[in-house]
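These notes concern the structure reproduced below.
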Amino acid sequence: MLEVRNLQKNYPNFSVFVDFKLKKGEFFSLLGPSGCGKTTTLRLIAGLEKPDSGKILLSGEDITNLPPQKRKFGLVFQNYALFPHLSVSENILYGLSKESNEMKKERLEEMLELFKLTELKDRSIRRLSGGEQQRVALARSLATKPRLLLLDEPFAALDPSLRQSLREELKTLQDKLDLTIVFVTHNQEEALSLSDRVALMDKGRIVQVATPFEIYTKPKSDYAASFFGQVNFLELEVQDKKLKWGGTLIDIDLNEGIYRFAVRPEHLIEGKGVRGRIIRGSYLGFAVEYIVATSQGELRYLELNPHSVKCSGTEIELSLLQAIPVGKKS
């Protein structure tokens, strides 16, 4: 449906260069830290910024130089960009000024019902909570039946519990209406839980595009591995399709050599392998995260569903469940 082809935007000390495709009905997230170029990419797609080179195609049509208002995209910003002097209904109807009164009434009723705003339809934006304002912003963006919905950090200003409930509502809405969405976020959990595919960005470039499961379990670099939570980076030897882990050998489909591996804390468990001593533990409720001094250096180990918290100085032996190769040393 959408093809972003070799799109480039240059600034004095920074440039964005992206290339990707979206299918109709796909939830596609641009993920990365602040300043990596994800919002610039969204603004280029929206037509709010002009690229220096490259093309944007929508269903085969070149829209690179098309003005924003003619692209028929819905856009929701982090600050919602609602009109405080207008009511909920007036905000939702803002993009439908050229439609007939009958059409306006029909779309308004549909949006009010869809976003559970009927009882708030005459209320001033100033009197709404953050979650209610977010619903109004989404309703306004969908009232025009956009070909593509662009969301720029829409949940960033909300508290965690409200953020989670609105995430679930958005995913349900996307499935119900078969929406095609480009979603900008710096939040790994949001990207993993919502997306069909994730494009991880760094320094103006996309470094990996994959499904949430693949990008978490098969990162292609140290950066991709470490962006999704804590990770241990280890250099381990492979011989005869066996990975040497302490005094044990683990089957692995790699050629002989020394590799750099990413090992997530949850991929270590108590068992045979590498011996160590607990330096400290942090109780997280669902788990305890330990820092363990070993011959491989300090390792982060996550014990799930703990019955107690082990004391500092406790001797422990760790078995390896999974190691993700991110590079070969020799």
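Here, A, B, ... name the chains of the structure tokens in the order displayed, residue numbers run from 1 inside each chain, and ligands are numbered from 1 in the same displayed order.
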
Contact residues around Cys311 (chain A) with only C-alpha atoms at 8 Å, ignoring same-chain residues under 5 positions, as a list in words: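 Returned residues: Ile278, Arg280 and Gly281 of chain A.
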
Once you have the residues from the selection above, write them out as a PDB file, in the first residue's frame, restricted to N, CA and C atoms.
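Generated file (part-v6.pdb):
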ATOM      1  N   ILE A 278      26.528 -14.326  43.833  1.00  0.00           N
ATOM      2  CA  ILE A 278      25.582 -13.214  43.722  1.00  0.00           C
ATOM      3  C   ILE A 278      26.158 -11.959  44.359  1.00  0.00           C
ATOM      4  N   ARG A 280      24.353  -8.833  44.060  1.00  0.00           N
ATOM      5  CA  ARG A 280      23.155  -8.188  44.619  1.00  0.00           C
ATOM      6  C   ARG A 280      21.930  -8.681  43.857  1.00  0.00           C
ATOM      7  N   GLY A 281      20.764  -8.498  44.489  1.00  0.00           N
ATOM      8  CA  GLY A 281      19.502  -8.874  43.859  1.00  0.00           C
ATOM      9  C   GLY A 281      18.489  -7.752  43.977  1.00  0.00           C
TER      10      GLY A 281
END

Picked from region 32-204 of chain A by DSSP as strand (DSSP E or B), as number ranges by chain: A: 53-58, 61-62, 73-76, 87, 124, 148-152, 181-185, 197-202

For Ala199 (chain A): contacts at 8 Å, only C-alpha atoms, fewer than 6 positions along chain excluded, given as number ranges by chain: A: 28-31, 206-210

Restricted to all heavy atoms, what would the selected residues look like written as a short mmCIF file (atom, residue, chain, number, x, y, z; two decimals), in the first residue's frame?
data_model
loop_
_atom_site.label_atom_id
_atom_site.label_comp_id
_atom_site.auth_asym_id
_atom_site.auth_seq_id
_atom_site.Cartn_x
_atom_site.Cartn_y
_atom_site.Cartn_z
N PHE A 28 2.53 -0.69 11.65
CA PHE A 28 3.97 -0.59 11.44
C PHE A 28 4.53 0.47 12.37
O PHE A 28 4.11 1.62 12.34
CB PHE A 28 4.23 -0.20 9.98
CG PHE A 28 5.68 -0.22 9.57
CD1 PHE A 28 6.27 -1.40 9.14
CD2 PHE A 28 6.44 0.93 9.58
CE1 PHE A 28 7.61 -1.42 8.72
CE2 PHE A 28 7.76 0.93 9.17
CZ PHE A 28 8.35 -0.26 8.74
N SER A 29 5.48 0.08 13.22
CA SER A 29 6.04 1.01 14.20
C SER A 29 7.45 1.45 13.82
O SER A 29 8.28 0.63 13.42
CB SER A 29 6.08 0.37 15.59
OG SER A 29 4.78 0.27 16.13
N LEU A 30 7.69 2.75 13.97
CA LEU A 30 9.04 3.31 13.87
C LEU A 30 9.52 3.50 15.30
O LEU A 30 8.99 4.33 16.05
CB LEU A 30 9.01 4.65 13.13
CG LEU A 30 8.58 4.60 11.66
CD1 LEU A 30 8.35 6.01 11.13
CD2 LEU A 30 9.61 3.88 10.82
N LEU A 31 10.50 2.72 15.69
CA LEU A 31 10.96 2.68 17.08
C LEU A 31 12.40 3.14 17.18
O LEU A 31 13.24 2.80 16.34
CB LEU A 31 10.84 1.24 17.60
CG LEU A 31 11.41 0.94 18.99
CD1 LEU A 31 10.60 1.64 20.08
CD2 LEU A 31 11.44 -0.57 19.22
N ILE A 206 17.25 3.02 9.36
CA ILE A 206 16.58 1.82 9.85
C ILE A 206 17.60 0.70 9.92
O ILE A 206 18.20 0.33 8.90
CB ILE A 206 15.39 1.43 8.95
CG1 ILE A 206 14.29 2.49 9.05
CG2 ILE A 206 14.84 0.06 9.35
CD1 ILE A 206 13.12 2.26 8.10
N VAL A 207 17.82 0.15 11.12
CA VAL A 207 18.85 -0.88 11.28
C VAL A 207 18.28 -2.29 11.22
O VAL A 207 19.01 -3.25 10.95
CB VAL A 207 19.63 -0.68 12.60
CG1 VAL A 207 20.35 0.65 12.60
CG2 VAL A 207 18.70 -0.77 13.82
N GLN A 208 16.98 -2.43 11.45
CA GLN A 208 16.35 -3.75 11.34
C GLN A 208 14.84 -3.58 11.24
O GLN A 208 14.24 -2.77 11.95
CB GLN A 208 16.69 -4.64 12.53
CG GLN A 208 16.20 -6.09 12.38
CD GLN A 208 16.72 -7.02 13.48
OE1 GLN A 208 17.56 -6.64 14.29
NE2 GLN A 208 16.23 -8.24 13.49
N VAL A 209 14.22 -4.34 10.34
CA VAL A 209 12.76 -4.41 10.23
C VAL A 209 12.36 -5.86 10.41
O VAL A 209 12.87 -6.75 9.71
CB VAL A 209 12.26 -3.91 8.87
CG1 VAL A 209 10.73 -4.01 8.80
CG2 VAL A 209 12.68 -2.47 8.62
N ALA A 210 11.46 -6.12 11.35
CA ALA A 210 11.07 -7.51 11.63
C ALA A 210 9.79 -7.53 12.45
O ALA A 210 9.33 -6.49 12.92
CB ALA A 210 12.19 -8.23 12.40
#

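Excluding Lys241 (chain A) itself and same-chain residues fewer than 4 positions from it, the residues having an atom within 6 Å of it are Ile252, Asp253 and Leu254 of chain A, counting only C-alpha atoms.
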
Take the residues that were just selected and, keeping N, CA and C atoms, output them as a short mmCIF file (atom, residue, chain, number, x, y, z; two decimals), in the first residue's frame.
data_model
loop_
_atom_site.label_atom_id
_atom_site.label_comp_id
_atom_site.auth_asym_id
_atom_site.auth_seq_id
_atom_site.Cartn_x
_atom_site.Cartn_y
_atom_site.Cartn_z
N ILE A 252 24.36 -26.12 18.88
CA ILE A 252 24.07 -24.85 18.21
C ILE A 252 24.46 -24.96 16.73
N ASP A 253 23.68 -24.42 15.86
CA ASP A 253 23.90 -24.54 14.42
C ASP A 253 24.79 -23.41 13.91
N LEU A 254 26.06 -23.45 14.34
CA LEU A 254 27.04 -22.45 13.90
C LEU A 254 28.35 -23.16 13.57
#

Shell around Asp175 (chain A) at 12 Å using only C-alpha atoms, local window under 4 positions removed, as number ranges by chain: A: 24-27, 168-171, 179-181, 194-196

Computed interatomic separation between CA of Lys242 (chain A) and CA of Gly257 (chain A) (Å):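 Going from CA of Lys242 (chain A) over to CA of Gly257 (chain A) covers 10.4 Å.
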
For region 220-233 of chain A: contacts at 10 Å, only C-alpha atoms, fewer than 6 positions along chain excluded, given as a PyMOL selection string: chain A and resi 31-33+186-189+192+200-202+207-209+214+260-267+296-301+323-327

For the residues in that selection, give me N, CA and C atoms as an mmCIF file, in the first residue's frame.
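As written to disk, result11.cif reads:
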data_model
loop_
_atom_site.group_PDB
_atom_site.id
_atom_site.type_symbol
_atom_site.label_atom_id
_atom_site.label_comp_id
_atom_site.auth_asym_id
_atom_site.auth_seq_id
_atom_site.Cartn_x
_atom_site.Cartn_y
_atom_site.Cartn_z
ATOM 1 N N LEU A 31 10.502 2.722 15.689
ATOM 2 C CA LEU A 31 10.964 2.680 17.078
ATOM 3 C C LEU A 31 12.403 3.142 17.175
ATOM 4 N N GLY A 32 12.697 3.911 18.229
ATOM 5 C CA GLY A 32 14.078 4.328 18.448
ATOM 6 C C GLY A 32 14.153 5.407 19.505
ATOM 7 N N PRO A 33 15.357 5.759 19.917
ATOM 8 C CA PRO A 33 15.532 6.791 20.941
ATOM 9 C C PRO A 33 15.234 8.174 20.379
ATOM 10 N N HIS A 186 9.142 5.591 21.282
ATOM 11 C CA HIS A 186 10.449 5.226 21.829
ATOM 12 C C HIS A 186 10.281 4.094 22.837
ATOM 13 N N ASN A 187 9.011 3.659 23.042
ATOM 14 C CA ASN A 187 8.669 2.678 24.064
ATOM 15 C C ASN A 187 8.688 1.264 23.462
ATOM 16 N N GLN A 188 9.621 0.441 23.927
ATOM 17 C CA GLN A 188 9.770 -0.906 23.377
ATOM 18 C C GLN A 188 8.519 -1.754 23.595
ATOM 19 N N GLU A 189 7.924 -1.636 24.785
ATOM 20 C CA GLU A 189 6.741 -2.441 25.093
ATOM 21 C C GLU A 189 5.582 -2.106 24.156
ATOM 22 N N LEU A 192 6.358 -3.638 20.667
ATOM 23 C CA LEU A 192 6.239 -5.095 20.649
ATOM 24 C C LEU A 192 4.796 -5.558 20.759
ATOM 25 N N LEU A 200 13.339 -0.602 13.609
ATOM 26 C CA LEU A 200 14.194 -0.017 14.640
ATOM 27 C C LEU A 200 15.155 0.963 13.989
ATOM 28 N N MET A 201 15.183 2.206 14.499
ATOM 29 C CA MET A 201 15.997 3.261 13.902
ATOM 30 C C MET A 201 17.154 3.683 14.809
ATOM 31 N N ASP A 202 18.225 4.123 14.174
ATOM 32 C CA ASP A 202 19.379 4.657 14.891
ATOM 33 C C ASP A 202 20.106 5.641 13.981
ATOM 34 N N VAL A 207 17.817 0.149 11.119
ATOM 35 C CA VAL A 207 18.850 -0.877 11.283
ATOM 36 C C VAL A 207 18.278 -2.294 11.216
ATOM 37 N N GLN A 208 16.977 -2.429 11.455
ATOM 38 C CA GLN A 208 16.349 -3.749 11.341
ATOM 39 C C GLN A 208 14.842 -3.584 11.244
ATOM 40 N N VAL A 209 14.220 -4.340 10.339
ATOM 41 C CA VAL A 209 12.760 -4.413 10.230
ATOM 42 C C VAL A 209 12.359 -5.865 10.410
ATOM 43 N N GLU A 214 10.545 -11.676 16.138
ATOM 44 C CA GLU A 214 11.848 -11.847 15.491
ATOM 45 C C GLU A 214 12.857 -10.804 15.947
ATOM 46 N N ARG A 260 30.304 -13.511 19.230
ATOM 47 C CA ARG A 260 29.740 -12.599 20.224
ATOM 48 C C ARG A 260 28.256 -12.920 20.331
ATOM 49 N N PHE A 261 27.801 -13.215 21.550
ATOM 50 C CA PHE A 261 26.416 -13.599 21.788
ATOM 51 C C PHE A 261 25.708 -12.589 22.685
ATOM 52 N N ALA A 262 24.418 -12.432 22.442
ATOM 53 C CA ALA A 262 23.552 -11.693 23.357
ATOM 54 C C ALA A 262 22.765 -12.725 24.168
ATOM 55 N N VAL A 263 22.867 -12.629 25.481
ATOM 56 C CA VAL A 263 22.148 -13.553 26.368
ATOM 57 C C VAL A 263 21.256 -12.725 27.288
ATOM 58 N N ARG A 264 19.961 -12.892 27.140
ATOM 59 C CA ARG A 264 19.030 -12.138 27.976
ATOM 60 C C ARG A 264 18.956 -12.754 29.376
ATOM 61 N N PRO A 265 18.708 -11.925 30.395
ATOM 62 C CA PRO A 265 18.678 -12.435 31.774
ATOM 63 C C PRO A 265 17.721 -13.595 31.990
ATOM 64 N N GLU A 266 16.599 -13.618 31.242
ATOM 65 C CA GLU A 266 15.625 -14.702 31.416
ATOM 66 C C GLU A 266 16.067 -15.994 30.734
ATOM 67 N N HIS A 267 17.177 -15.941 29.972
ATOM 68 C CA HIS A 267 17.685 -17.135 29.302
ATOM 69 C C HIS A 267 18.769 -17.833 30.119
ATOM 70 N N GLN A 296 32.783 -15.406 33.308
ATOM 71 C CA GLN A 296 32.389 -14.705 32.081
ATOM 72 C C GLN A 296 32.146 -13.217 32.328
ATOM 73 N N GLY A 297 32.472 -12.776 33.528
ATOM 74 C CA GLY A 297 32.183 -11.397 33.912
ATOM 75 C C GLY A 297 30.896 -11.334 34.722
ATOM 76 N N GLU A 298 30.418 -10.129 34.983
ATOM 77 C CA GLU A 298 29.163 -9.970 35.725
ATOM 78 C C GLU A 298 27.977 -10.233 34.797
ATOM 79 N N LEU A 299 27.113 -11.161 35.219
ATOM 80 C CA LEU A 299 25.944 -11.538 34.418
ATOM 81 C C LEU A 299 24.657 -11.123 35.111
ATOM 82 N N ARG A 300 23.724 -10.652 34.311
ATOM 83 C CA ARG A 300 22.368 -10.398 34.814
ATOM 84 C C ARG A 300 21.550 -11.673 34.627
ATOM 85 N N TYR A 301 20.908 -12.090 35.716
ATOM 86 C CA TYR A 301 20.129 -13.334 35.710
ATOM 87 C C TYR A 301 18.763 -13.044 36.303
ATOM 88 N N ALA A 323 21.263 -18.505 23.483
ATOM 89 C CA ALA A 323 22.258 -17.474 23.191
ATOM 90 C C ALA A 323 22.039 -16.997 21.764
ATOM 91 N N ILE A 324 21.970 -15.682 21.571
ATOM 92 C CA ILE A 324 21.675 -15.098 20.260
ATOM 93 C C ILE A 324 22.972 -14.586 19.646
ATOM 94 N N PRO A 325 23.433 -15.176 18.551
ATOM 95 C CA PRO A 325 24.675 -14.688 17.920
ATOM 96 C C PRO A 325 24.454 -13.325 17.259
ATOM 97 N N VAL A 326 25.318 -12.365 17.570
ATOM 98 C CA VAL A 326 25.214 -11.031 16.957
ATOM 99 C C VAL A 326 26.485 -10.647 16.202
ATOM 100 N N GLY A 327 27.458 -11.565 16.148
ATOM 101 C CA GLY A 327 28.683 -11.287 15.398
ATOM 102 C C GLY A 327 29.706 -12.386 15.627
#

What are the nearest atom pairs, with distances in Å to one decimal, for all residues of region 120-170 of chain A that come at most 9 Å from region 101-110 of chain A, using only C-alpha atoms, set out by chain and rising residue number as a Markdown table?
| residue | atom | partner | partner_atom | distance |
| --- | --- | --- | --- | --- |
| A:Ala139 | CA | A:Leu108 | CA | 8.8 |
| A:Ala143 | CA | A:Arg107 | CA | 6.2 |
| A:Thr144 | CA | A:Arg107 | CA | 8.3 |

Write out as a short mmCIF file (atom, residue, chain, number, x, y, z; two decimals) with N, CA, C and O atoms, in the first residue's frame which residues come within 12 Å of Gly130 (chain A) when counting only C-alpha atoms, dropping same-chain ones fewer than 6 positions away.
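This went into result35.cif:
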data_model
loop_
_atom_site.label_atom_id
_atom_site.label_comp_id
_atom_site.auth_asym_id
_atom_site.auth_seq_id
_atom_site.Cartn_x
_atom_site.Cartn_y
_atom_site.Cartn_z
N GLN A 78 1.71 13.99 19.63
CA GLN A 78 1.90 13.68 21.05
C GLN A 78 1.06 14.60 21.94
O GLN A 78 0.53 14.18 22.95
N ASN A 79 0.93 15.88 21.54
CA ASN A 79 0.16 16.83 22.36
C ASN A 79 -1.29 16.95 21.90
O ASN A 79 -2.01 17.85 22.33
N TYR A 80 -1.70 16.05 20.98
CA TYR A 80 -3.08 15.92 20.48
C TYR A 80 -3.49 17.04 19.52
O TYR A 80 -4.32 16.83 18.66
N LEU A 82 -5.50 19.54 19.81
CA LEU A 82 -6.94 19.82 19.81
C LEU A 82 -7.17 21.32 19.98
O LEU A 82 -6.30 22.05 20.45
N VAL A 136 -10.59 11.85 21.67
CA VAL A 136 -11.10 12.88 20.77
C VAL A 136 -10.14 13.06 19.59
O VAL A 136 -10.56 13.18 18.43
N ALA A 137 -8.84 13.07 19.87
CA ALA A 137 -7.84 13.24 18.81
C ALA A 137 -7.91 12.09 17.81
O ALA A 137 -7.84 12.30 16.59
N PRO A 154 1.56 8.89 20.62
CA PRO A 154 0.24 9.33 21.11
C PRO A 154 -0.02 9.06 22.58
O PRO A 154 -0.90 9.69 23.17
N PHE A 155 0.74 8.14 23.20
CA PHE A 155 0.48 7.79 24.59
C PHE A 155 1.55 8.31 25.55
O PHE A 155 1.53 8.01 26.74
N ALA A 156 2.49 9.09 25.06
CA ALA A 156 3.66 9.48 25.85
C ALA A 156 3.30 10.28 27.10
O ALA A 156 3.97 10.18 28.12
N ALA A 157 2.23 11.09 27.02
CA ALA A 157 1.90 11.97 28.13
C ALA A 157 0.96 11.32 29.16
O ALA A 157 0.59 11.96 30.15
N LEU A 158 0.58 10.06 28.94
CA LEU A 158 -0.39 9.41 29.81
C LEU A 158 0.30 8.56 30.88
O LEU A 158 1.42 8.10 30.70
N ASP A 159 -0.41 8.34 31.99
CA ASP A 159 0.16 7.49 33.03
C ASP A 159 0.13 6.03 32.57
O ASP A 159 -0.64 5.67 31.67
N LEU A 162 -3.30 3.97 32.17
CA LEU A 162 -4.15 4.51 31.11
C LEU A 162 -3.52 4.23 29.74
O LEU A 162 -4.21 3.91 28.76
N ARG A 163 -2.21 4.31 29.69
CA ARG A 163 -1.49 4.04 28.44
C ARG A 163 -1.76 2.62 27.96
O ARG A 163 -2.02 2.38 26.79
N LEU A 166 -5.45 2.21 26.67
CA LEU A 166 -5.65 2.84 25.36
C LEU A 166 -4.91 2.09 24.26
O LEU A 166 -5.37 2.05 23.12
#

Gap from CA of Phe77 (chain A) to CA of Gly131 (chain A) - Å, one decimal: 13.8 Å

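Our summary of the geometry notes that CA of Glu235 (chain A) is positioned 28.8 Å from CA of Cys36 (chain A).
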
Pick from A:Lys328, A:Arg205, A:Leu320, A:Thr211, whichever lies nearest to Asn255 (chain A) using only C-alpha atoms: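 For Asn255 (chain A), the nearest of the given residues is A:Lys328.
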